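Enquirer: Have a peek at structure-v3.txt (compact mmCIF, C-alpha atoms).
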```
# COMPACT_ATOMS: atom_id res chain seq x y z
CA MET G 1160 94.18 145.74 178.27
CA SER G 1161 90.72 144.29 177.76
CA THR G 1162 90.08 140.82 176.39
CA SER G 1163 88.58 142.21 173.20
CA ALA G 1164 91.69 144.30 172.64
CA ASN G 1165 93.77 141.14 172.98
CA VAL G 1166 91.58 139.32 170.49
CA ALA G 1167 91.95 142.15 168.01
CA SER G 1168 95.68 142.23 168.52
CA TRP G 1169 96.60 138.65 167.64
CA LEU G 1170 94.12 138.55 164.76
CA ASP G 1171 95.47 141.83 163.43
CA GLU G 1172 98.92 140.30 163.03
CA VAL G 1173 97.62 138.20 160.14
CA PRO G 1174 97.87 140.03 156.79
CA TRP G 1175 94.60 138.69 155.38
CA ASP G 1176 94.80 138.46 151.58
CA LYS G 1177 92.58 140.48 149.25
CA ASP G 1178 89.80 137.94 149.78
CA GLY G 1179 90.29 138.16 153.55
CA LEU G 1180 91.75 134.67 153.74
CA VAL G 1181 94.90 132.76 154.70
CA PRO G 1182 95.81 129.11 154.16
CA ALA G 1183 95.42 126.84 157.19
CA ILE G 1184 97.17 123.48 157.42
CA ALA G 1185 95.80 120.78 159.71
CA GLN G 1186 98.27 118.24 161.04
CA ASP G 1187 97.39 115.22 163.17
CA ALA G 1188 98.86 115.88 166.61
CA ALA G 1189 99.39 112.18 167.26
CA SER G 1190 100.62 110.72 163.96
CA GLY G 1191 102.19 113.89 162.60
CA LYS G 1192 100.50 113.36 159.25
CA VAL G 1193 99.45 116.45 157.34
CA LEU G 1194 95.71 115.90 156.98
CA MET G 1195 94.43 118.77 154.83
CA MET G 1196 94.79 122.38 153.77
CA ALA G 1197 91.85 124.76 153.90
CA TRP G 1198 91.28 128.49 154.26
CA MET G 1199 90.39 130.73 157.16
CA ASN G 1200 89.06 134.24 157.34
CA ARG G 1201 89.32 136.34 160.47
CA GLU G 1202 86.06 135.05 161.92
CA ALA G 1203 87.03 131.42 161.27
CA LEU G 1204 90.33 131.84 163.06
CA GLU G 1205 88.71 133.62 165.97
CA LYS G 1206 86.03 130.94 166.28
CA THR G 1207 88.66 128.21 166.07
CA ALA G 1208 90.59 129.73 168.95
CA GLN G 1209 87.48 130.37 171.01
CA SER G 1210 85.81 127.00 170.49
CA GLY G 1211 88.88 124.78 170.37
CA GLU G 1212 87.56 123.12 167.20
CA ALA G 1213 88.67 123.88 163.66
CA VAL G 1214 86.48 126.32 161.76
CA TYR G 1215 87.40 127.15 158.18
CA TRP G 1216 86.01 129.35 155.43
CA SER G 1217 84.51 127.33 152.61
CA ARG G 1218 85.43 129.08 149.36
CA THR G 1219 83.02 126.94 147.35
CA ARG G 1220 80.08 127.56 149.67
CA SER G 1221 81.14 131.09 150.73
CA LYS G 1222 80.40 130.46 154.38
CA LEU G 1223 81.98 129.44 157.64
CA TRP G 1224 82.58 125.72 157.83
CA HIS G 1225 82.80 124.07 161.20
CA LYS G 1226 84.82 121.06 160.10
CA GLY G 1227 82.83 117.92 160.82
CA GLU G 1228 79.47 119.67 161.04
CA GLU G 1229 78.06 117.16 158.56
CA SER G 1230 80.46 114.24 158.80
CA GLY G 1231 81.08 114.31 162.53
CA HIS G 1232 84.80 114.40 161.73
CA THR G 1233 85.59 117.40 163.87
CA GLN G 1234 89.10 118.52 164.72
CA LYS G 1235 89.98 119.33 168.32
CA VAL G 1236 92.74 121.91 168.22
CA ARG G 1237 95.80 121.26 170.36
CA GLU G 1238 97.99 124.03 168.97
CA LEU G 1239 97.56 127.02 166.69
CA ARG G 1240 100.76 128.19 165.02
CA LEU G 1241 101.69 131.10 162.77
CA ASP G 1242 104.53 131.24 160.27
CA CYS G 1243 107.29 133.81 159.87
CA ASP G 1244 105.34 135.93 157.37
CA ALA G 1245 102.23 135.52 159.54
CA ASP G 1246 100.24 134.50 156.48
CA THR G 1247 99.81 130.78 157.07
CA ILE G 1248 98.23 128.99 160.03
CA LEU G 1249 99.22 125.54 161.26
CA LEU G 1250 96.78 123.57 163.41
CA LEU G 1251 97.80 120.56 165.45
CA VAL G 1252 94.59 118.60 165.83
CA GLU G 1253 92.97 115.48 167.20
CA GLN G 1254 91.00 114.16 164.23
CA ALA G 1255 87.63 112.68 165.24
CA GLY G 1256 87.03 109.31 163.59
CA GLY G 1257 90.56 109.28 162.19
CA ILE G 1258 89.15 110.63 158.92
CA ALA G 1259 89.85 114.14 157.66
CA CYS G 1260 89.04 113.77 153.97
CA HIS G 1261 85.59 113.92 152.43
CA THR G 1262 86.57 110.85 150.39
CA GLY G 1263 86.59 108.82 153.62
CA ARG G 1264 90.36 108.68 153.87
CA GLU G 1265 92.54 109.61 156.84
CA ARG G 1266 94.03 112.55 154.97
CA CYS G 1267 93.44 114.52 151.82
CA PHE G 1268 97.01 113.93 150.60
CA PHE G 1269 96.32 110.36 149.55
CA ARG G 1270 98.06 110.58 146.18
CA LYS G 1271 101.80 110.30 145.63
CA LEU G 1272 103.79 111.07 142.50
CA GLU G 1273 105.34 107.88 141.16
CA ASN G 1274 106.90 107.66 137.71
CA GLY G 1275 104.98 110.61 136.36
CA ARG G 1276 101.62 109.61 137.80
CA TRP G 1277 99.62 110.52 140.88
CA VAL G 1278 99.08 107.15 142.54
CA GLU G 1279 96.55 106.57 145.33
CA THR G 1280 98.37 105.18 148.35
CA ASP G 1281 95.82 105.47 151.13
CA PRO G 1282 92.71 103.32 151.61
CA VAL G 1283 89.16 104.58 151.97
CA LEU G 1284 88.32 103.92 155.62
CA LYS G 1285 84.63 104.69 155.37
CA ASP G 1286 82.30 105.01 152.38
CA PRO G 1287 81.47 108.69 151.84
CA ALA G 1288 77.85 107.66 151.24
CA ALA G 1289 77.80 106.36 154.80
CA ILE G 1290 79.52 109.49 156.13
CA TYR G 1291 77.22 111.96 154.40
CA GLY G 1292 74.12 109.79 154.09
CA LYS G 1293 70.94 109.82 156.13
CA LYS G 1294 71.42 110.94 159.67
CA MET B 1302 103.09 107.24 125.63
CA SER B 1303 106.08 109.54 125.48
CA THR B 1304 107.75 110.98 128.55
CA SER B 1305 106.68 114.49 127.64
CA ALA B 1306 103.06 113.34 127.41
CA ASN B 1307 103.38 111.88 130.89
CA VAL B 1308 104.84 115.10 132.23
CA ALA B 1309 101.96 117.08 130.77
CA SER B 1310 99.43 114.65 132.16
CA TRP B 1311 100.33 114.79 135.87
CA LEU B 1312 100.91 118.53 135.77
CA ASP B 1313 97.59 119.06 134.03
CA GLU B 1314 95.74 117.47 136.93
CA VAL B 1315 96.54 120.52 139.06
CA PRO B 1316 93.92 123.29 138.69
CA TRP B 1317 96.39 126.19 138.85
CA ASP B 1318 94.70 129.27 140.31
CA LYS B 1319 94.20 132.51 138.37
CA ASP B 1320 97.81 133.45 139.13
CA GLY B 1321 98.97 130.02 137.99
CA LEU B 1322 99.89 128.94 141.50
CA VAL B 1323 99.07 126.36 144.16
CA PRO B 1324 100.13 126.19 147.82
CA ALA B 1325 102.95 123.78 148.60
CA ILE B 1326 103.60 122.52 152.13
CA ALA B 1327 107.05 121.23 153.08
CA GLN B 1328 107.20 118.68 155.88
CA ASP B 1329 110.38 117.25 157.36
CA ALA B 1330 110.48 113.59 156.36
CA ALA B 1331 112.38 112.63 159.51
CA SER B 1332 110.83 114.68 162.32
CA GLY B 1333 107.40 115.10 160.75
CA LYS B 1334 107.44 118.81 161.53
CA VAL B 1335 105.71 121.10 159.07
CA LEU B 1336 108.53 123.40 158.01
CA MET B 1337 106.98 125.99 155.70
CA MET B 1338 104.32 126.82 153.16
CA ALA B 1339 105.21 128.38 149.85
CA TRP B 1340 103.77 128.54 146.34
CA MET B 1341 104.47 126.65 143.15
CA ASN B 1342 103.62 127.34 139.55
CA ARG B 1343 103.68 124.66 136.91
CA GLU B 1344 107.34 125.15 136.12
CA ALA B 1345 108.31 125.04 139.80
CA LEU B 1346 106.49 121.76 140.33
CA GLU B 1347 107.98 120.25 137.19
CA LYS B 1348 111.50 121.33 138.17
CA THR B 1349 110.96 120.00 141.70
CA ALA B 1350 110.01 116.58 140.34
CA GLN B 1351 112.80 116.55 137.78
CA SER B 1352 115.59 117.77 140.06
CA GLY B 1353 114.52 116.13 143.32
CA GLU B 1354 114.98 119.45 145.14
CA ALA B 1355 112.22 121.85 146.11
CA VAL B 1356 111.68 124.72 143.69
CA TYR B 1357 108.99 127.28 144.53
CA TRP B 1358 107.61 130.42 142.94
CA SER B 1359 108.55 133.53 144.87
CA ARG B 1360 105.54 135.83 144.81
CA THR B 1361 107.54 138.74 146.21
CA ARG B 1362 110.34 138.40 143.66
CA SER B 1363 108.14 137.05 140.84
CA LYS B 1364 110.60 134.36 139.88
CA LEU B 1365 111.43 130.72 140.40
CA TRP B 1366 113.07 130.11 143.74
CA HIS B 1367 115.30 127.09 144.16
CA LYS B 1368 114.95 126.83 147.93
CA GLY B 1369 118.40 127.17 149.48
CA GLU B 1370 119.97 128.85 146.46
CA GLU B 1371 121.27 131.62 148.75
CA SER B 1372 121.21 130.02 152.18
CA GLY B 1373 122.37 126.55 151.21
CA HIS B 1374 119.30 125.22 153.02
CA THR B 1375 118.02 123.11 150.15
CA GLN B 1376 115.27 120.53 150.47
CA LYS B 1377 115.77 117.07 149.04
CA VAL B 1378 112.36 115.74 148.09
CA ARG B 1379 111.42 112.28 149.30
CA GLU B 1380 107.75 112.37 148.36
CA LEU B 1381 105.46 114.64 146.38
CA ARG B 1382 101.79 114.36 147.32
CA LEU B 1383 98.58 115.87 146.00
CA ASP B 1384 95.36 116.45 147.92
CA CYS B 1385 91.81 115.41 147.08
CA ASP B 1386 91.00 118.63 145.23
CA ALA B 1387 94.40 118.46 143.51
CA ASP B 1388 95.04 122.06 144.48
CA THR B 1389 97.62 121.66 147.25
CA ILE B 1390 101.01 119.96 147.12
CA LEU B 1391 102.69 118.26 150.07
CA LEU B 1392 106.45 117.70 149.98
CA LEU B 1393 108.22 115.31 152.32
CA VAL B 1394 111.76 116.66 152.46
CA GLU B 1395 115.20 116.25 153.94
CA GLN B 1396 116.03 119.76 155.12
CA ALA B 1397 119.70 120.68 154.59
CA GLY B 1398 121.21 122.27 157.68
CA GLY B 1399 118.09 121.54 159.69
CA ILE B 1400 116.95 125.10 158.98
CA ALA B 1401 114.01 125.90 156.72
CA CYS B 1402 113.17 129.44 157.86
CA HIS B 1403 114.92 132.60 156.72
CA THR B 1404 114.97 133.66 160.37
CA GLY B 1405 117.44 130.86 161.06
CA ARG B 1406 114.93 128.61 162.75
CA GLU B 1407 114.15 124.98 161.99
CA ARG B 1408 110.66 125.85 160.76
CA CYS B 1409 108.66 128.91 159.82
CA PHE B 1410 105.87 128.00 162.26
CA PHE B 1411 107.84 129.11 165.30
CA ARG B 1412 104.98 131.03 166.94
CA LYS B 1413 102.21 129.45 168.99
CA LEU B 1414 98.99 131.05 170.19
CA GLU B 1415 99.00 131.24 173.98
CA ASN B 1416 96.49 133.29 175.95
CA GLY B 1417 95.70 135.58 173.06
CA ARG B 1418 99.28 136.13 171.95
CA TRP B 1419 101.58 134.64 169.35
CA VAL B 1420 104.52 133.42 171.42
CA GLU B 1421 107.86 132.40 169.92
CA THR B 1422 108.60 128.82 170.93
CA ASP B 1423 111.51 127.87 168.70
CA PRO B 1424 115.10 129.06 168.99
CA VAL B 1425 117.16 130.72 166.26
CA LEU B 1426 119.70 128.07 165.32
CA LYS B 1427 121.83 130.30 163.12
CA ASP B 1428 122.05 134.07 162.80
CA PRO B 1429 120.43 135.12 159.50
CA ALA B 1430 123.34 137.51 158.98
CA ALA B 1431 125.62 134.49 158.91
CA ILE B 1432 123.28 132.58 156.63
CA TYR B 1433 122.85 135.35 154.08
CA GLY B 1434 126.11 137.19 154.66
CA LYS B 1435 129.27 137.25 152.59
CA LYS B 1436 129.93 134.06 150.74
```
Here is a file; write its structure as structure tokens.
Expert:
Amino acid sequence: MSTSANVASWLDEVPWDKDGLVPAIAQDAASGKVLMMAWMNREALEKTAQSGEAVYWSRTRSKLWHKGEESGHTQKVRELRLDCDADTILLLVEQAGGIACHTGRERCFFRKLENGRWVETDPVLKDPAAIYGKK
Amino acid sequence: MSTSANVASWLDEVPWDKDGLVPAIAQDAASGKVLMMAWMNREALEKTAQSGEAVYWSRTRSKLWHKGEESGHTQKVRELRLDCDADTILLLVEQAGGIACHTGRERCFFRKLENGRWVETDPVLKDPAAIYGKK
């Protein structure tokens, strides 16, 4: 079996939704914290596996998004996992800079439900203006 | 402010998609393992918060799904978290029976990409026939 046939095979096991996407969850391989949830299309998943860095599909920008391409907060992929229905991806990653969220926080899940309110529990580690400012 | 107003408020912060759903990730509060990803509608999220046990929306059955209602593998919710875009929920749970997956495994993410193949890495802890058999 050729390499390209292998590539097709494992990618074909994913039942891409009508938009050609599946949810992808990134978890910090060291701390175990769930960092973010984004979306992947077939090309994003293939590029992630090939490059060893997380590549998502940006639904707002309608293009491939190499995570960290602007911020420098790339994600080195340690494991790629698939769930029982094959329609969700789990990535175990090393998070560059210790910041996954565009708000400058470690993770996107920085709000917790407490007494009927979403309360911010995690500090901003770096000002987004500094992350996305002049380079 | 009345309790009902509060309930409306925190639920209204979620931008439910065109099907009225958002992804919900369940993570084991003790081991840190990501157990599964399912979907919630507004009622599911409200019932989850009210009851303290995970309630999802089953897209295949088009009805509310109190996780564990058949298997007994309920999820006691320790934390409910919301991401930066407010469109993904993270649940920190105590998993009854130590089994989240309908295949009888601890987690749904039991396959890992290795050399171009999805390889099963996690054992079946309980035969699904025994889980969903006669009661």
Enquirer: What are the residues of chain B that have an atom within 10 Å of an atom of chain G, counting only C-alpha atoms, as a PyMOL selection string?
Expert: chain B and resi 1304-1312+1314+1324-1328+1332-1339+1350-1351+1380-1392+1402-1404+1406+1408-1422
Enquirer: What is the distance, in Å and to one decimal place, between CA of Thr1375 (chain B) and CA of Val1315 (chain B)?
Expert: 24.3 Å
Enquirer: Need the shell around Gly1373 (chain B): protein/DNA/RNA residues with any atom at most 8 Å away, counting only C-alpha atoms. Skip same-chain ones fewer than 3 positions apart. Format as a PyMOL selection string?
Expert: chain B and resi 1369-1370+1397-1398
Enquirer: Enter the distance from CA of Ala1355 (chain B) to CA of Ala1430 (chain B), in Å, rounded to one decimal.
Expert: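 Going from CA of Ala1355 (chain B) over to CA of Ala1430 (chain B), I get 23.1 Å.
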Enquirer: Which residue is closest to Leu1426 (chain B)? Choose from B:Gln1396, B:Asp1313, B:Asp1329, B:Glu1407 and count all atoms listed in the file.
Expert: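 That would be B:Glu1407, the residue with the smallest distance to Leu1426 (chain B).
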Enquirer: May I have the protein, DNA and RNA residues with an atom at most 12 Å from (88.1, 131.1, 161.7), counting all atoms listed in the file in the file's coordinates, returned as a PyMOL selection string?
Expert: chain G and resi 1170+1173+1175+1179-1183+1197-1217+1222-1226+1239+1248+1250
Enquirer: Give the padded box for region 1231-1238 of chain G as lines of an AutoDock Vina configuration file: axis-aligned, covering all atoms listed in the file, 3 Å on each side, centre and edge lengths in Å to one decimal.
Expert:
```
center_x = 89.5
center_y = 119.2
center_z = 166.0
size_x = 22.9
size_y = 15.7
size_z = 14.6
```
Enquirer: Suppose you want the space between CA of Asp1178 (chain G) and CA of Ser1230 (chain G); what is it in Å?
Expert: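 Between CA of Asp1178 (chain G) and CA of Ser1230 (chain G) the gap works out to 27.0 Å.
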